[in-house]
$ cat query.txt   # compact mmCIF, C-alpha atoms
# COMPACT_ATOMS: atom_id res chain seq x y z
CA SER A 1183 -12.84 7.29 -25.01
CA PRO A 1184 -9.44 6.12 -26.29
CA ASP A 1185 -7.30 3.90 -24.04
CA ALA A 1186 -3.69 3.00 -24.69
CA ILE A 1187 -1.17 0.72 -22.95
CA ILE A 1188 2.48 0.46 -23.95
CA SER A 1189 4.66 -2.26 -22.41
CA THR A 1190 8.40 -2.73 -22.77
CA SER A 1191 10.74 -5.33 -21.31
CA GLN A 1192 14.51 -5.86 -20.96
CA LEU A 1193 15.03 -2.13 -20.48
CA GLU A 1194 18.40 -2.84 -18.90
CA VAL A 1195 19.64 -3.91 -22.35
CA LEU A 1196 18.30 -0.79 -24.08
CA THR A 1197 19.67 1.57 -21.42
CA GLY A 1198 22.97 -0.18 -20.77
CA ALA A 1199 22.13 -0.85 -17.12
CA ARG A 1200 22.81 -4.59 -17.09
CA SER A 1201 25.56 -4.15 -14.49
CA TRP A 1202 23.05 -3.29 -11.77
CA ALA A 1203 19.55 -4.11 -13.10
CA ARG A 1204 17.82 -7.26 -14.32
CA ASN A 1205 14.39 -8.06 -15.80
CA ALA A 1206 13.39 -4.41 -16.11
CA THR A 1207 9.86 -3.90 -17.43
CA MET A 1208 7.81 -0.72 -17.88
CA ASN A 1209 4.12 -0.09 -18.57
CA ILE A 1210 2.66 3.23 -19.72
CA LYS A 1211 -1.12 3.74 -19.58
CA TYR A 1212 -3.34 6.51 -20.91
CA SER A 1213 -7.10 6.95 -21.01
CA ASN A 1214 -9.46 9.77 -21.97
CA ASN A 1215 -13.15 9.29 -21.19
CA THR A 1216 -16.15 11.59 -21.61
CA ASN A 1217 -19.70 11.18 -20.36
CA GLU A 1218 -22.28 13.61 -21.72
CA THR A 1219 -25.83 14.19 -20.60
CA ARG A 1220 -27.12 15.85 -23.74
CA THR A 1221 -27.46 19.64 -23.45
CA ILE A 1222 -27.04 19.41 -19.65
CA SER A 1223 -23.56 18.37 -18.52
CA LEU A 1224 -20.27 16.96 -19.74
CA ASP A 1225 -17.90 14.94 -17.53
CA LEU A 1226 -14.27 14.50 -18.58
CA THR A 1227 -11.79 12.09 -17.02
CA ARG A 1228 -8.24 11.96 -18.32
CA SER A 1229 -5.58 9.79 -16.70
CA TYR A 1230 -2.15 8.40 -17.36
CA GLY A 1231 0.37 6.43 -15.39
CA THR A 1232 3.55 4.41 -15.52
CA ASP A 1233 5.19 1.69 -13.52
CA LEU A 1234 8.70 0.26 -13.57
CA ARG A 1235 9.89 -3.02 -12.06
CA PHE A 1236 13.38 -4.48 -11.98
CA ARG A 1237 15.81 -6.57 -9.96
CA LEU A 1238 18.38 -4.29 -8.34
CA LEU A 1239 21.93 -5.61 -7.78
CA GLU A 1240 20.56 -9.18 -7.75
CA LYS A 1241 19.24 -8.53 -4.23
CA VAL A 1242 16.25 -6.16 -4.26
CA ASP A 1243 12.98 -6.44 -6.19
CA ALA A 1244 12.32 -2.75 -6.88
CA ALA A 1245 9.06 -1.18 -8.06
CA LEU A 1246 8.21 2.43 -8.91
CA SER A 1247 4.90 3.86 -10.10
CA TYR A 1248 3.25 7.20 -10.84
CA ASN A 1249 -0.37 8.02 -11.73
CA HIS A 1250 -2.21 11.22 -12.59
CA ARG A 1251 -5.95 11.74 -13.01
CA PHE A 1252 -7.78 14.90 -14.06
CA THR A 1253 -11.57 15.24 -13.82
CA GLU A 1254 -13.78 18.10 -14.91
CA ARG A 1255 -17.52 18.73 -14.99
CA LYS A 1256 -19.00 21.31 -17.34
CA ASP A 1257 -22.50 22.76 -17.31
CA LEU A 1258 -23.49 22.82 -21.00
CA ARG A 1259 -26.46 25.09 -20.36
CA ARG A 1260 -24.25 27.88 -19.05
CA GLY A 1261 -21.06 26.85 -20.86
CA GLN A 1262 -19.16 26.92 -17.56
CA VAL A 1263 -16.90 24.51 -15.72
CA THR A 1264 -18.57 23.77 -12.37
CA GLN A 1265 -15.91 21.57 -10.80
CA SER A 1266 -12.41 20.31 -11.49
CA ALA A 1267 -10.05 18.04 -9.58
CA GLU A 1268 -6.60 16.49 -9.93
CA HIS A 1269 -5.10 13.44 -8.28
CA HIS A 1270 -1.44 12.45 -8.21
CA ASP A 1271 0.09 9.41 -6.55
CA ALA A 1272 3.51 7.79 -6.57
CA THR A 1273 5.03 4.73 -4.92
CA VAL A 1274 8.59 3.53 -4.41
CA GLN A 1275 9.26 0.16 -2.82
CA GLY A 1276 11.84 -2.58 -2.60
CA THR A 1277 11.75 -6.15 -1.31
CA PHE A 1278 14.75 -8.10 -0.08
CA ASP A 1279 15.51 -11.12 2.11
CA TYR A 1280 17.81 -11.25 5.10
CA ARG A 1281 18.25 -14.69 6.65
CA LYS A 1282 14.71 -15.96 7.34
CA PHE A 1283 13.08 -12.53 7.10
CA ARG A 1284 11.63 -10.65 4.13
CA PHE A 1285 11.64 -6.84 4.30
CA THR A 1286 9.58 -4.48 2.13
CA PRO A 1287 10.26 -0.78 2.75
CA LYS A 1288 7.84 1.47 0.88
CA VAL A 1289 6.97 5.15 0.45
CA ASP A 1290 3.56 6.29 -0.81
CA TYR A 1291 2.77 9.85 -1.91
CA SER A 1292 -0.56 11.34 -2.96
CA LEU A 1293 -1.90 14.81 -3.77
CA ASP A 1294 -5.55 15.74 -4.27
CA TYR A 1295 -6.38 19.22 -5.53
CA GLY A 1296 -9.81 20.58 -6.44
CA LYS A 1297 -11.57 23.84 -7.42
CA THR A 1298 -15.15 25.04 -7.51
CA ALA A 1299 -16.88 26.89 -10.36
CA LEU A 1300 -15.64 30.22 -8.98
CA GLY A 1301 -12.03 29.03 -8.90
CA VAL A 1302 -12.00 28.59 -5.12
CA VAL A 1303 -9.73 25.78 -3.94
CA ASN A 1304 -11.89 23.39 -1.92
CA GLN A 1305 -9.39 20.55 -1.66
CA ASN A 1306 -5.61 20.49 -1.28
CA LEU A 1307 -4.43 17.41 0.58
CA THR A 1308 -0.94 15.89 0.57
CA VAL A 1309 -0.25 12.52 2.19
CA LEU A 1310 3.22 11.02 2.60
CA THR A 1311 3.37 7.51 4.08
CA PRO A 1312 6.63 5.63 4.65
CA SER A 1313 6.07 2.04 5.76
CA LEU A 1314 7.87 -1.22 6.41
CA LEU A 1315 6.55 -4.77 6.03
CA ILE A 1316 8.44 -7.59 7.78
CA LYS A 1317 7.51 -11.22 7.22
CA THR A 1318 9.02 -14.54 8.19
CA ASP A 1319 7.89 -18.11 7.59
CA PHE A 1320 9.84 -20.99 9.12
CA GLN A 1321 9.23 -24.37 10.66
CA ALA A 1322 11.05 -26.90 12.82
CA PRO A 1323 9.14 -30.20 12.60
CA LYS A 1324 9.58 -32.66 15.45
CA GLY A 1325 8.17 -36.06 16.33
CA LEU A 1326 7.01 -37.13 19.76
CA ARG A 1327 6.35 -40.76 20.66
CA LEU A 1328 3.63 -41.15 23.27
CA PRO A 1329 3.03 -44.25 25.41
CA PHE A 1330 0.76 -46.92 23.93
CA MET A 1331 1.05 -45.42 20.43
CA LYS A 1332 2.80 -47.19 17.56
CA GLN A 1333 3.42 -44.05 15.50
CA ALA A 1334 5.01 -40.83 16.69
CA VAL A 1335 2.95 -37.64 16.78
CA VAL A 1336 4.41 -35.16 14.30
CA PHE A 1337 4.46 -31.47 15.25
CA SER A 1338 5.02 -29.15 12.29
CA ASN A 1339 6.01 -26.17 14.48
CA ARG A 1340 5.46 -23.67 11.68
CA ILE A 1341 5.37 -19.93 12.42
CA VAL A 1342 4.22 -17.25 9.98
CA TRP A 1343 4.81 -13.80 11.45
CA THR A 1344 3.88 -10.56 9.66
CA THR A 1345 4.43 -7.04 10.99
CA THR A 1346 3.58 -3.73 9.31
CA LEU A 1347 4.81 -0.32 10.46
CA SER A 1348 3.59 2.93 8.86
CA TYR A 1349 3.77 6.66 9.52
CA ALA A 1350 1.23 8.75 7.57
CA ILE A 1351 1.81 12.52 7.36
CA ARG A 1352 -1.22 14.50 6.16
CA LYS A 1353 -1.08 18.20 5.26
CA SER A 1354 -3.81 20.53 4.00
CA PRO A 1355 -3.97 24.35 3.94
CA VAL A 1356 -7.72 24.09 3.26
CA VAL A 1357 -9.11 21.67 5.88
CA VAL A 1358 -7.70 22.08 9.41
CA ALA A 1359 -8.76 18.57 10.47
CA GLU A 1360 -6.55 17.01 7.77
CA ASN A 1361 -3.27 18.13 9.37
CA ASN A 1362 -2.03 15.21 11.41
CA ARG A 1363 0.48 12.40 11.75
CA LEU A 1364 -0.57 8.78 12.34
CA PHE A 1365 1.74 5.98 13.44
CA SER A 1366 0.40 2.45 13.04
CA MET A 1367 1.77 -0.97 13.90
CA ASN A 1368 0.05 -4.28 13.17
CA THR A 1369 1.51 -7.68 13.91
CA VAL A 1370 0.09 -11.17 13.38
CA ALA A 1371 1.80 -14.41 14.40
CA ASP A 1372 0.28 -17.68 13.22
CA TYR A 1373 1.66 -20.77 14.95
CA GLU A 1374 0.81 -24.19 13.53
CA ALA A 1375 1.68 -26.86 16.09
CA ALA A 1376 0.20 -29.64 13.96
CA LYS A 1377 -2.09 -29.96 10.96
CA ASN A 1378 -5.17 -29.80 13.18
CA LEU A 1379 -3.92 -27.36 15.82
CA ARG A 1380 -3.23 -23.67 15.17
CA LEU A 1381 -2.78 -20.67 17.41
CA ALA A 1382 -2.86 -17.07 16.14
CA PHE A 1383 -1.81 -13.91 17.98
CA ASN A 1384 -2.55 -10.38 16.76
CA ALA A 1385 -1.86 -6.91 18.10
CA SER A 1386 -2.11 -3.37 16.82
CA VAL A 1387 -1.16 0.10 18.03
CA GLN A 1388 -2.16 3.51 16.64
CA ARG A 1389 -1.00 6.93 17.76
CA LEU A 1390 -2.31 10.15 16.19
CA TRP A 1391 -0.84 13.62 16.65
CA HIS A 1392 -2.87 16.57 15.34
CA LYS A 1393 -1.01 19.70 14.33
CA TYR A 1394 -3.64 22.20 15.49
CA LEU A 1395 -6.33 20.33 17.44
CA GLN A 1396 -4.68 18.63 20.40
CA GLN A 1397 -8.03 17.28 21.56
CA GLU A 1398 -7.96 15.03 18.50
CA ASP A 1399 -4.80 13.22 19.68
CA TYR A 1400 -5.29 9.62 20.69
CA LEU A 1401 -3.56 6.33 21.45
CA SER A 1402 -5.29 3.04 20.78
CA TYR A 1403 -4.21 -0.57 20.98
CA THR A 1404 -5.78 -4.00 20.61
CA ALA A 1405 -4.58 -7.54 21.16
CA GLY A 1406 -6.12 -10.95 20.75
CA SER A 1407 -5.56 -14.61 20.09
CA THR A 1408 -7.42 -17.46 18.39
CA LEU A 1409 -7.02 -21.17 19.03
CA THR A 1410 -8.21 -23.49 16.26
CA PHE A 1411 -8.51 -27.24 16.77
CA GLN A 1412 -9.89 -29.37 13.93
CA PHE A 1413 -11.05 -32.94 14.37

$ encode --input "query.txt" --output "structure tokens"
Amino acid sequence: SPDAIISTSQLEVLTGARSWARNATMNIKYSNNTNETRTISLDLTRSYGTDLRFRLLEKVDAALSYNHRFTERKDLRRGQVTQSAEHHDATVQGTFDYRKFRFTPKVDYSLDYGKTALGVVNQNLTVLTPSLLIKTDFQAPKGLRLPFMKQAVVFSNRIVWTTTLSYAIRKSPVVVAENNRLFSMNTVADYEAAKNLRLAFNASVQRLWHKYLQQEDYLSYTAGSTLTFQF
């Protein structure tokens, strides 16, 4: 079962891309594993992948990745492949700051494809998911002097707010139930009034649209809050 990893850095120097890229690094991975039950079955798993990271135009931390995995099971008694499957996935994302906010747009892609011993396709699912992560962390400390107290009470007034938006598109010509679109939003706001007083708010919304089965459509939402006081 050989495994190999190749890593390179400063690719912008090798490729002449220093005018728009910085700190470019790439990793390439490969593995080939077999698992044999003597005279009964043989399982093969072969995978490879690559990822690239660099600083784009001194503003965006960019990352790209791709992975592929192939699996196969063979019946040694009959000398026949009983099952095979392939998985592909890719990701493109970038992170940048604007004022007090950090934005991370991202696109995920995956494909799963499988066959039975007779060559019948039993899995063919494609999922495309664009998403956006927004995060901010800021504070405005203030002091408040109360009567009969020598020292002022310090309020940290720190807010950490994280919101994630995603839209997953699933398509399959094999399984009808896998054809849908799902919008999701999750937001969490953590307010720290002082070191011993915190208040957290959270909310989420999900909306699913099915391409063929309208009875599967739904809208769900939740909201809540937590107050934490430590002595």

$ closest_residue --input "query.txt" --among "A:Asn1361, A:Ser1213, A:Thr1273, A:Thr1221" --to "Phe1252 in chain A" --atoms "all atoms listed in the file"
A:Ser1213

$ closest_residue --input "query.txt" --among "A:Asp1185, A:Asp1319, A:Glu1374, A:Asp1294" --to "His1250 in chain A" --atoms "all atoms listed in the file"
A:Asp1294

$ atom_distance --input "query.txt" --atom1 "CA of Lys1241 in chain A" --atom2 "CA of Tyr1280 in chain A"
9.8 Å

$ atom_distance --input "query.txt" --atom1 "CA of Tyr1248 in chain A" --atom2 "CA of Gly1231 in chain A"
5.4 Å

$ residues_around --input "query.txt" --residues "Gly1406 in chain A" --least-positions-apart "4" --cutoff "9 Å" --atoms "all atoms listed in the file" --output "PDB file with C-alpha atoms, in the frame of the given file"
ATOM      1  CA  ALA A1382      -2.860 -17.070  16.140  1.00  0.00           C
ATOM      2  CA  PHE A1383      -1.810 -13.910  17.980  1.00  0.00           C
ATOM      3  CA  ASN A1384      -2.550 -10.380  16.760  1.00  0.00           C
ATOM      4  CA  ALA A1385      -1.860  -6.910  18.100  1.00  0.00           C
TER       5      ALA A1385
END

$ residues_around --input "query.txt" --residues "Thr1298 in chain A" --least-positions-apart "6" --cutoff "7 Å" --atoms "all atoms listed in the file" --output "compact mmCIF listing (two decimals) with C-alpha atoms, in the frame of the given file"
# COMPACT_ATOMS: atom_id res chain seq x y z
CA THR A 1264 -18.57 23.77 -12.37
CA GLN A 1265 -15.91 21.57 -10.80
CA SER A 1266 -12.41 20.31 -11.49
CA ASN A 1304 -11.89 23.39 -1.92

$ closest_residue --input "query.txt" --among "A:Arg1363, A:Arg1260, A:Lys1297, A:Arg1200" --to "Gln1388 in chain A" --atoms "all atoms listed in the file"
A:Arg1363

$ residues_near_point --input "query.txt" --point "(12.6, -4.1, 3.5)" --cutoff "8 Å" --atoms "all atoms listed in the file" --output "number ranges by chain"
A: 1276-1279, 1284-1288, 1314-1316

$ residues_around --input "query.txt" --residues "Ala1359 in chain A" --least-positions-apart "5" --cutoff "9 Å" --atoms "only C-alpha atoms" --output "list of chain:residue names"
A:Ser1354, A:His1392, A:Lys1393, A:Tyr1394, A:Leu1395, A:Glu1398

$ residues_around --input "query.txt" --residues "Leu1347 in chain A" --least-positions-apart "6" --cutoff "9 Å" --atoms "all atoms listed in the file" --output "list in words"
Pro1312, Ser1313, Leu1314, Leu1315, Ile1316, Phe1365, Ser1366, Met1367, Asn1368 and Thr1369 of chain A

$ write_last_selection --input "query.txt" --atoms "C-alpha atoms" --output "CSV table (one decimal), in the frame of the given file"
chain,number,residue,atom,x,y,z
A,1312,PRO,CA,6.6,5.6,4.6
A,1313,SER,CA,6.1,2.0,5.8
A,1314,LEU,CA,7.9,-1.2,6.4
A,1315,LEU,CA,6.6,-4.8,6.0
A,1316,ILE,CA,8.4,-7.6,7.8
A,1365,PHE,CA,1.7,6.0,13.4
A,1366,SER,CA,0.4,2.4,13.0
A,1367,MET,CA,1.8,-1.0,13.9
A,1368,ASN,CA,0.0,-4.3,13.2
A,1369,THR,CA,1.5,-7.7,13.9
